[in-house]
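Trainee: Here you go, start_15.pdb (PDB, C-alpha atoms, pLDDT in the B column):
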```pdb
ATOM      1  CA  MET A   1      -9.480 -18.227   3.441  1.00 81.00           C
ATOM      2  CA  THR A   2      -6.628 -16.499   1.648  1.00 87.00           C
ATOM      3  CA  HIS A   3      -3.057 -16.391   2.930  1.00 77.00           C
ATOM      4  CA  SER A   4      -3.433 -12.692   3.786  1.00 85.00           C
ATOM      5  CA  GLU A   5      -6.617 -13.331   5.744  1.00 88.00           C
ATOM      6  CA  LEU A   6      -5.031 -16.216   7.620  1.00 85.00           C
ATOM      7  CA  LYS A   7      -1.988 -14.102   8.451  1.00 82.00           C
ATOM      8  CA  LYS A   8      -4.151 -11.201   9.652  1.00 85.00           C
ATOM      9  CA  LYS A   9      -6.143 -13.562  11.884  1.00 86.00           C
ATOM     10  CA  ALA A  10      -3.001 -15.255  13.253  1.00 85.00           C
ATOM     11  CA  PHE A  11      -1.342 -11.903  14.060  1.00 86.00           C
ATOM     12  CA  LYS A  12      -4.146 -11.177  16.525  1.00 86.00           C
ATOM     13  CA  ARG A  13      -2.837 -14.005  18.746  1.00 88.00           C
ATOM     14  CA  PRO A  14      -0.207 -12.964  21.316  1.00 86.00           C
ATOM     15  CA  GLY A  15       3.361 -13.512  20.159  1.00 87.00           C
ATOM     16  CA  VAL A  16       2.568 -14.677  16.631  1.00 85.00           C
ATOM     17  CA  LYS A  17       3.514 -11.431  14.890  1.00 85.00           C
ATOM     18  CA  ALA A  18       6.767 -11.121  16.874  1.00 86.00           C
ATOM     19  CA  THR A  19       7.734 -14.708  16.029  1.00 83.00           C
ATOM     20  CA  TYR A  20       6.876 -14.129  12.372  1.00 81.00           C
ATOM     21  CA  GLU A  21       9.003 -10.975  12.279  1.00 84.00           C
ATOM     22  CA  GLU A  22      11.930 -12.783  13.943  1.00 84.00           C
ATOM     23  CA  MET A  23      11.847 -15.335  11.119  1.00 83.00           C
ATOM     24  CA  GLU A  24      11.918 -12.710   8.334  1.00 85.00           C
ATOM     25  CA  PRO A  25      15.591 -13.398   7.438  1.00 85.00           C
ATOM     26  CA  GLU A  26      14.760 -17.087   6.902  1.00 84.00           C
ATOM     27  CA  PHE A  27      11.697 -16.192   4.822  1.00 86.00           C
ATOM     28  CA  ALA A  28      13.752 -13.744   2.748  1.00 88.00           C
ATOM     29  CA  LEU A  29      16.412 -16.385   2.094  1.00 89.00           C
ATOM     30  CA  LEU A  30      13.755 -18.922   1.137  1.00 89.00           C
ATOM     31  CA  ARG A  31      12.217 -16.436  -1.318  1.00 91.00           C
ATOM     32  CA  GLU A  32      15.681 -15.861  -2.820  1.00 92.00           C
ATOM     33  CA  LEU A  33      16.369 -19.593  -3.178  1.00 92.00           C
ATOM     34  CA  LEU A  34      13.011 -20.283  -4.789  1.00 93.00           C
ATOM     35  CA  ARG A  35      13.281 -17.263  -7.101  1.00 94.00           C
ATOM     36  CA  ALA A  36      16.794 -18.273  -8.214  1.00 94.00           C
ATOM     37  CA  ARG A  37      15.689 -21.862  -8.836  1.00 94.00           C
ATOM     38  CA  GLN A  38      12.672 -20.676 -10.831  1.00 94.00           C
ATOM     39  CA  ASN A  39      14.828 -18.255 -12.853  1.00 94.00           C
ATOM     40  CA  ALA A  40      17.281 -21.074 -13.596  1.00 94.00           C
ATOM     41  CA  GLY A  41      14.377 -23.255 -14.711  1.00 95.00           C
ATOM     42  CA  LEU A  42      15.577 -26.161 -12.549  1.00 95.00           C
ATOM     43  CA  SER A  43      13.618 -28.667 -10.511  1.00 95.00           C
ATOM     44  CA  GLN A  44      14.652 -29.796  -7.057  1.00 95.00           C
ATOM     45  CA  ALA A  45      15.813 -33.084  -8.601  1.00 96.00           C
ATOM     46  CA  GLU A  46      18.010 -31.251 -11.109  1.00 96.00           C
ATOM     47  CA  ILE A  47      19.613 -29.118  -8.397  1.00 95.00           C
ATOM     48  CA  ALA A  48      20.145 -32.211  -6.265  1.00 96.00           C
ATOM     49  CA  GLU A  49      21.942 -33.939  -9.127  1.00 96.00           C
ATOM     50  CA  LYS A  50      24.213 -30.935  -9.641  1.00 95.00           C
ATOM     51  CA  MET A  51      24.944 -30.850  -5.897  1.00 95.00           C
ATOM     52  CA  GLY A  52      25.614 -34.584  -5.729  1.00 95.00           C
ATOM     53  CA  THR A  53      22.666 -35.305  -3.460  1.00 95.00           C
ATOM     54  CA  LYS A  54      19.056 -36.519  -3.697  1.00 95.00           C
ATOM     55  CA  ALA A  55      15.900 -34.474  -4.322  1.00 94.00           C
ATOM     56  CA  PRO A  56      14.519 -35.013  -0.784  1.00 95.00           C
ATOM     57  CA  ALA A  57      17.593 -33.206   0.580  1.00 93.00           C
ATOM     58  CA  ILE A  58      16.672 -30.142  -1.495  1.00 93.00           C
ATOM     59  CA  THR A  59      13.072 -30.379  -0.329  1.00 92.00           C
ATOM     60  CA  ARG A  60      14.300 -30.454   3.286  1.00 90.00           C
ATOM     61  CA  LEU A  61      16.647 -27.518   2.640  1.00 90.00           C
ATOM     62  CA  GLU A  62      13.917 -25.350   1.171  1.00 89.00           C
ATOM     63  CA  SER A  63      11.252 -26.353   3.693  1.00 87.00           C
ATOM     64  CA  SER A  64      13.590 -25.948   6.678  1.00 84.00           C
ATOM     65  CA  LEU A  65      13.881 -22.241   5.992  1.00 80.00           C
ATOM     66  CA  GLY A  66      10.109 -21.824   6.070  1.00 75.00           C
ATOM     67  CA  SER A  67       9.757 -23.735   9.309  1.00 75.00           C
ATOM     68  CA  GLY A  68      12.704 -22.192  11.135  1.00 69.00           C
ATOM     69  CA  LYS A  69      13.591 -25.616  12.531  1.00 73.00           C
ATOM     70  CA  HIS A  70      16.947 -25.896  10.813  1.00 75.00           C
ATOM     71  CA  SER A  71      19.518 -23.481   9.490  1.00 83.00           C
ATOM     72  CA  PRO A  72      21.487 -24.768   6.499  1.00 89.00           C
ATOM     73  CA  SER A  73      25.251 -24.389   6.590  1.00 91.00           C
ATOM     74  CA  ILE A  74      27.016 -21.787   4.497  1.00 93.00           C
ATOM     75  CA  ALA A  75      28.706 -24.645   2.622  1.00 94.00           C
ATOM     76  CA  THR A  76      25.304 -26.077   1.664  1.00 93.00           C
ATOM     77  CA  LEU A  77      24.020 -22.676   0.544  1.00 94.00           C
ATOM     78  CA  LYS A  78      27.184 -22.197  -1.555  1.00 95.00           C
ATOM     79  CA  LYS A  79      26.621 -25.569  -3.249  1.00 95.00           C
ATOM     80  CA  TYR A  80      22.985 -24.685  -3.915  1.00 95.00           C
ATOM     81  CA  ALA A  81      24.007 -21.335  -5.406  1.00 95.00           C
ATOM     82  CA  LYS A  82      26.688 -22.946  -7.561  1.00 95.00           C
ATOM     83  CA  ALA A  83      24.178 -25.506  -8.864  1.00 95.00           C
ATOM     84  CA  LEU A  84      22.058 -22.559 -10.012  1.00 94.00           C
ATOM     85  CA  GLY A  85      24.973 -20.774 -11.655  1.00 94.00           C
ATOM     86  CA  CYS A  86      24.995 -18.176  -8.872  1.00 94.00           C
ATOM     87  CA  HIS A  87      27.256 -17.244  -5.991  1.00 94.00           C
ATOM     88  CA  LEU A  88      26.348 -16.654  -2.361  1.00 94.00           C
ATOM     89  CA  GLU A  89      26.623 -13.197  -0.802  1.00 92.00           C
ATOM     90  CA  ILE A  90      26.158 -12.612   2.904  1.00 90.00           C
ATOM     91  CA  LYS A  91      26.094  -9.166   4.434  1.00 88.00           C
ATOM     92  CA  LEU A  92      25.348  -7.478   7.723  1.00 88.00           C
ATOM     93  CA  VAL A  93      23.040  -4.488   7.715  1.00 86.00           C
ATOM     94  CA  ALA A  94      22.934  -1.978  10.563  1.00 91.00           C
ATOM     95  CA  ASN A  95      19.602  -1.905  12.411  1.00 85.00           C
ATOM     96  CA  ASN A  96      19.245   1.830  11.915  1.00 78.00           C
ATOM     97  CA  GLN A  97      19.073   1.530   8.125  1.00 60.00           C
TER      98      GLN A  97
END
```
Could I get this structure in the form of structure tokens?

Mentor:
Amino acid sequence: MTHSELKKKAFKRPGVKATYEEMEPEFALLRELLRARQNAGLSQAEIAEKMGTKAPAITRLESSLGSGKHSPSIATLKKYAKALGCHLEIKLVANNQ
């Protein structure tokens, strides 16, 4: 079963689609983190070293966004961005846009 097929099947269950849509900001941030890390050509271990932490901490950071069980602090996201040679931008977008 492909990811799309699994998603389509899961969305038929009550509440699954709404929960999925509520987590879209976390999924978007995770996609951004992974894309930036891939573009920088760095492994989790390399980012961890630059941040002064261990690779499992980066694994937890990235996986926490996909699970919605933990929200990383802005300070942690800034360190992650800096390790990639990036900076963090946060913005609010009106719902009617």

Trainee: I would like the residues chosen by the PyMOL selection byres ((chain A and resi 28-30) around 9) on the shown file; could you give them as a PyMOL selection string?

Mentor: chain A and resi 23-27+31-35+62-66

Trainee: Nearest residue to Lys79 (chain A) out of A:Ala10, A:Met51, A:Ala45, A:Ala36, using only C-alpha atoms?

Mentor: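 For Lys79 (chain A), the nearest of the given residues is A:Met51.
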
Trainee: Quick one: pull the distance between CA of Leu84 (chain A) and CA of Lys69 (chain A), Å, one decimal.

Mentor: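 CA of Lys69 (chain A) lies 24.3 Å from CA of Leu84 (chain A).
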
Trainee: Considering all atoms listed in the file, return as a list in words whatever protein or nucleic-acid residues lie within 10 Å of region 5-9 of chain A, sequence-local ones (same chain, fewer than 6 positions apart) excluded.

Mentor: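 Residues near the query, excluding close chain neighbours: Val16, Lys17 and Tyr20 of chain A.
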
Trainee: Measure the distance from CA of Glu89 (chain A) to CA of Asn39 (chain A) in Å and round it to one decimal.

Mentor: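 Here the two named atoms are 17.6 Å from each other.
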
Trainee: Between CA of Ala75 (chain A) and CA of Leu42 (chain A), what is the spacing in Å?

Mentor: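 A separation of 20.1 Å between them.
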
Trainee: Decode the PyMOL selection byres ((chain A and resi 83) around 12) for the given file into explicit residues and return them as a PyMOL selection string.

Mentor: chain A and resi 33+36-37+40-53+58+76-82+84-88

Trainee: How would the residues just picked look written out with C-alpha atoms as a PDB file, keeping the file's coordinate frame?

Mentor:
```pdb
ATOM      1  CA  LEU A  33      16.369 -19.593  -3.178  1.00 92.00           C
ATOM      2  CA  ALA A  36      16.794 -18.273  -8.214  1.00 94.00           C
ATOM      3  CA  ARG A  37      15.689 -21.862  -8.836  1.00 94.00           C
ATOM      4  CA  ALA A  40      17.281 -21.074 -13.596  1.00 94.00           C
ATOM      5  CA  GLY A  41      14.377 -23.255 -14.711  1.00 95.00           C
ATOM      6  CA  LEU A  42      15.577 -26.161 -12.549  1.00 95.00           C
ATOM      7  CA  SER A  43      13.618 -28.667 -10.511  1.00 95.00           C
ATOM      8  CA  GLN A  44      14.652 -29.796  -7.057  1.00 95.00           C
ATOM      9  CA  ALA A  45      15.813 -33.084  -8.601  1.00 96.00           C
ATOM     10  CA  GLU A  46      18.010 -31.251 -11.109  1.00 96.00           C
ATOM     11  CA  ILE A  47      19.613 -29.118  -8.397  1.00 95.00           C
ATOM     12  CA  ALA A  48      20.145 -32.211  -6.265  1.00 96.00           C
ATOM     13  CA  GLU A  49      21.942 -33.939  -9.127  1.00 96.00           C
ATOM     14  CA  LYS A  50      24.213 -30.935  -9.641  1.00 95.00           C
ATOM     15  CA  MET A  51      24.944 -30.850  -5.897  1.00 95.00           C
ATOM     16  CA  GLY A  52      25.614 -34.584  -5.729  1.00 95.00           C
ATOM     17  CA  THR A  53      22.666 -35.305  -3.460  1.00 95.00           C
ATOM     18  CA  ILE A  58      16.672 -30.142  -1.495  1.00 93.00           C
ATOM     19  CA  THR A  76      25.304 -26.077   1.664  1.00 93.00           C
ATOM     20  CA  LEU A  77      24.020 -22.676   0.544  1.00 94.00           C
ATOM     21  CA  LYS A  78      27.184 -22.197  -1.555  1.00 95.00           C
ATOM     22  CA  LYS A  79      26.621 -25.569  -3.249  1.00 95.00           C
ATOM     23  CA  TYR A  80      22.985 -24.685  -3.915  1.00 95.00           C
ATOM     24  CA  ALA A  81      24.007 -21.335  -5.406  1.00 95.00           C
ATOM     25  CA  LYS A  82      26.688 -22.946  -7.561  1.00 95.00           C
ATOM     26  CA  LEU A  84      22.058 -22.559 -10.012  1.00 94.00           C
ATOM     27  CA  GLY A  85      24.973 -20.774 -11.655  1.00 94.00           C
ATOM     28  CA  CYS A  86      24.995 -18.176  -8.872  1.00 94.00           C
ATOM     29  CA  HIS A  87      27.256 -17.244  -5.991  1.00 94.00           C
ATOM     30  CA  LEU A  88      26.348 -16.654  -2.361  1.00 94.00           C
TER      31      LEU A  88
END
```

Trainee: Which one of A:Arg13, A:Arg60, A:Ala18, A:Ala55 sits closest to Pro72 (chain A) if you count only C-alpha atoms?

Mentor: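 Looking at the shortest contact to Pro72 (chain A), the residue is A:Arg60.
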
Trainee: Rank A:Lys91, A:Thr19, A:Phe11, A:Asn96 by their smallest atom-to-atom distance to Ser67 (chain A), using all atoms listed in the file, and report the top residue only.

Mentor: A:Thr19
